[in-house]
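S.K.: My structure is below; once you've seen it, I'll send some questions.
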2 protein chains.
Amino acid sequence: MKNKEIYRDDNKDSRVSLSIGRFIMQLRRLERSPRSFGAAGPLTPGEIHTIAAIGCKEGILMGELAARLGVTKGAATQMASRLEVKGFVRRAPDPADARATVISLTQTGLLAYQAHEELHRRFCQKISACLSSHESEIFVDCLDKLCEALEE
Amino acid sequence: MKNKEIYRDDNKDSRVSLSIGRFIMQLRRLERSPRSFGAAGPLTPGEIHTIAAIGCKEGILMGELAARLGVTKGAATQMASRLEVKGFVRRAPDPADARATVISLTQTGLLAYQAHEELHRRFCQKISACLSSHESEIFVDCLDKLCEALEE
DNA sequence: CAACTATAGTTTATATGCTAAACTAAACAG
DNA sequence: CTGTTTAGTTTAGCATATAAACTATAGTTG
């Protein structure tokens, strides 16, 4: 009886961990492929994530961008440079602090940003179609708990 | 009233999408740092994942390894080469098919594998401590649903 | 005020983790 | 037997970072 209980616990946890593993694989798959956003031509995952982060906040500074993306300032600078060359963003000195750089989207960048937002909206709709309110709540709760657990 | 309903729906879905986003950031953070497994010295995420995939199945073929990891055969070969140089795996021709290569763990590789398994066990216990049976069930269900949705 | 420290961003070199393409040898099909 | 497919390997290149070194600016202290 007691043994059976332990068995069930183990089974439950590896079911969860298996599903998490699959979810992660799926996320990885999605994260790997360049795709088109608007009329902007193909953009790598990193590029569109950066555009999205810039589009979220008017007049973001380079250091803020780095923080938002969770990368080093060097990485953010390199990506911003690349997107500037491609015509998606503009860099300008910050009037309030001569050391700082303000990054903004060009018209092309804005198109890409908007296309990404639309995709995001579609994703949210998909979630809506899949999960009930109750499920969503529990899912968010579990995922947040998992994130906390992963902190250690 | 109807408008309010839509508002609530949007809020629900962006809660989910926000949590997923956070989860992804956390995964990224974890995926970036080499760590020690057993007495094996530091191993990159890719290395330990490959060791884990090899350890899972006795006498895995290179193509199977690639499939399991969700990468190209070329990528699998390169990683196996690297791990062979480091002494974690062995490569041998498959007796059943001269084109094929069988990959197995060395003693060092096995130590790393076992250490990773122990970590995995700890993770499962952590999940156990965090989530009730009911939560787990719903969580798994949601994850599986989202995986399917993400296929498109 | 000057000297020192901290900070923002940039640049460079390097590592990790892939992919595609080209190639070789073996297996399979007709 | 010939032609096609398949397994693995190798090479070149790309994406996405990091650390370190650097320059210029801002802040702090005496």
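Letters A, B, ... mark the chains of the structure tokens in the order given; residue numbers begin at 1 per chain; ligand numbers begin at 1, in order shown.
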Find the spatial neighbours of region 6-17 of chain D, counting only C-alpha atoms (C1' of nucleotides), within a cut-off of 8 Å - ignore same-chain residues fewer than 6 positions away - and output them as a ChimeraX atom specification.
M.R.: /A:44,46,71,75 /B:62-63,73-74,77,99-101 /C:27
S.K.: Could the residues in this selection be written to a file with N, CA and C atoms (P, O5', C5', C4', C3', O3' and C1' of nucleotides), as a PDB file, in the first residue's frame?
M.R.:
```pdb
ATOM      1  N   THR A  44      15.930  37.088 -37.568  1.00  0.00           N
ATOM      2  CA  THR A  44      16.244  36.002 -36.644  1.00  0.00           C
ATOM      3  C   THR A  44      15.478  36.212 -35.342  1.00  0.00           C
ATOM      4  N   GLY A  46      16.535  36.470 -32.355  1.00  0.00           N
ATOM      5  CA  GLY A  46      17.174  37.513 -31.567  1.00  0.00           C
ATOM      6  C   GLY A  46      16.813  38.904 -32.058  1.00  0.00           C
ATOM      7  N   VAL A  71      20.638  40.194 -21.225  1.00  0.00           N
ATOM      8  CA  VAL A  71      21.974  39.944 -21.785  1.00  0.00           C
ATOM      9  C   VAL A  71      22.937  41.050 -21.359  1.00  0.00           C
ATOM     10  N   ALA A  75      26.332  42.576 -25.749  1.00  0.00           N
ATOM     11  CA  ALA A  75      25.451  41.838 -26.645  1.00  0.00           C
ATOM     12  C   ALA A  75      24.355  42.743 -27.200  1.00  0.00           C
TER      13      ALA A  75
ATOM     14  N   MET B  62      24.138   7.308 -33.996  1.00  0.00           N
ATOM     15  CA  MET B  62      24.316   8.745 -34.157  1.00  0.00           C
ATOM     16  C   MET B  62      23.049   9.433 -34.665  1.00  0.00           C
ATOM     17  N   GLY B  63      22.417   8.792 -35.627  1.00  0.00           N
ATOM     18  CA  GLY B  63      21.193   9.369 -36.162  1.00  0.00           C
ATOM     19  C   GLY B  63      20.088   9.415 -35.118  1.00  0.00           C
ATOM     20  N   LYS B  73      22.155  15.660 -37.999  1.00  0.00           N
ATOM     21  CA  LYS B  73      23.197  14.646 -37.780  1.00  0.00           C
ATOM     22  C   LYS B  73      24.564  15.308 -37.640  1.00  0.00           C
ATOM     23  N   GLY B  74      24.814  16.315 -38.439  1.00  0.00           N
ATOM     24  CA  GLY B  74      26.069  17.050 -38.361  1.00  0.00           C
ATOM     25  C   GLY B  74      26.330  17.602 -36.972  1.00  0.00           C
ATOM     26  N   THR B  77      27.074  14.759 -34.572  1.00  0.00           N
ATOM     27  CA  THR B  77      28.433  14.254 -34.792  1.00  0.00           C
ATOM     28  C   THR B  77      29.480  15.158 -34.158  1.00  0.00           C
ATOM     29  N   ARG B  99      27.563   1.526 -42.079  1.00  0.00           N
ATOM     30  CA  ARG B  99      27.494   2.978 -42.185  1.00  0.00           C
ATOM     31  C   ARG B  99      27.277   3.634 -40.829  1.00  0.00           C
ATOM     32  N   ALA B 100      26.712   2.895 -39.914  1.00  0.00           N
ATOM     33  CA  ALA B 100      26.236   3.484 -38.656  1.00  0.00           C
ATOM     34  C   ALA B 100      27.292   3.479 -37.556  1.00  0.00           C
ATOM     35  N   THR B 101      27.126   4.409 -36.634  1.00  0.00           N
ATOM     36  CA  THR B 101      28.032   4.556 -35.500  1.00  0.00           C
ATOM     37  C   THR B 101      27.249   4.420 -34.188  1.00  0.00           C
TER      38      THR B 101
ATOM     39  P    DA C  27      26.655  -2.349 -45.146  1.00  0.00           P
ATOM     40  O5'  DA C  27      25.210  -1.969 -45.709  1.00  0.00           O
ATOM     41  C5'  DA C  27      24.393  -1.084 -44.960  1.00  0.00           C
ATOM     42  C4'  DA C  27      23.149  -0.742 -45.743  1.00  0.00           C
ATOM     43  C3'  DA C  27      22.374  -1.961 -46.261  1.00  0.00           C
ATOM     44  O3'  DA C  27      21.024  -1.797 -45.855  1.00  0.00           O
ATOM     45  C1'  DA C  27      22.761  -0.414 -48.010  1.00  0.00           C
TER      46       DA C  27
END
```
S.K.: Run DSSP on the backbone and give me the residues of chain B it puts in helix (DSSP H, G or I), as a VMD selection string.
M.R.: chain B and resid 2 to 32 45 to 56 62 to 69 73 to 85 107 to 130 133 to 150
S.K.: List every residue of region 14-54 of chain A that DSSP, applied to the backbone of this structure, assigns to strand (DSSP E or B), and report them as a PDB file with N, CA and C atoms, in the first residue's frame.
M.R.:
```
ATOM      1  N   ARG A  35      12.006  34.221 -39.255  1.00  0.00           N
ATOM      2  CA  ARG A  35      10.716  34.343 -39.921  1.00  0.00           C
ATOM      3  C   ARG A  35      10.492  35.780 -40.352  1.00  0.00           C
ATOM      4  N   SER A  36       9.525  35.948 -41.215  1.00  0.00           N
ATOM      5  CA  SER A  36       9.223  37.279 -41.722  1.00  0.00           C
ATOM      6  C   SER A  36       8.233  37.988 -40.830  1.00  0.00           C
ATOM      7  N   PRO A  42      13.279  38.408 -43.697  1.00  0.00           N
ATOM      8  CA  PRO A  42      13.493  37.484 -42.573  1.00  0.00           C
ATOM      9  C   PRO A  42      14.259  38.132 -41.422  1.00  0.00           C
ATOM     10  N   LEU A  43      13.813  37.845 -40.243  1.00  0.00           N
ATOM     11  CA  LEU A  43      14.490  38.329 -39.051  1.00  0.00           C
ATOM     12  C   LEU A  43      14.766  37.137 -38.151  1.00  0.00           C
TER      13      LEU A  43
END
```
S.K.: So how far away is CA of Gly87 (chain A) from CA of Leu119 (chain A), in Å?
M.R.: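 Rounded to one decimal, the two atoms are 21.6 Å apart.
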S.K.: Starting from chain B, keep only residues with some atom at most 10 Å from an atom of chain A, counting only C-alpha atoms, and report them as a ChimeraX atom specification.
M.R.: /B:8-20,22-30,69-71,120-121,123-151
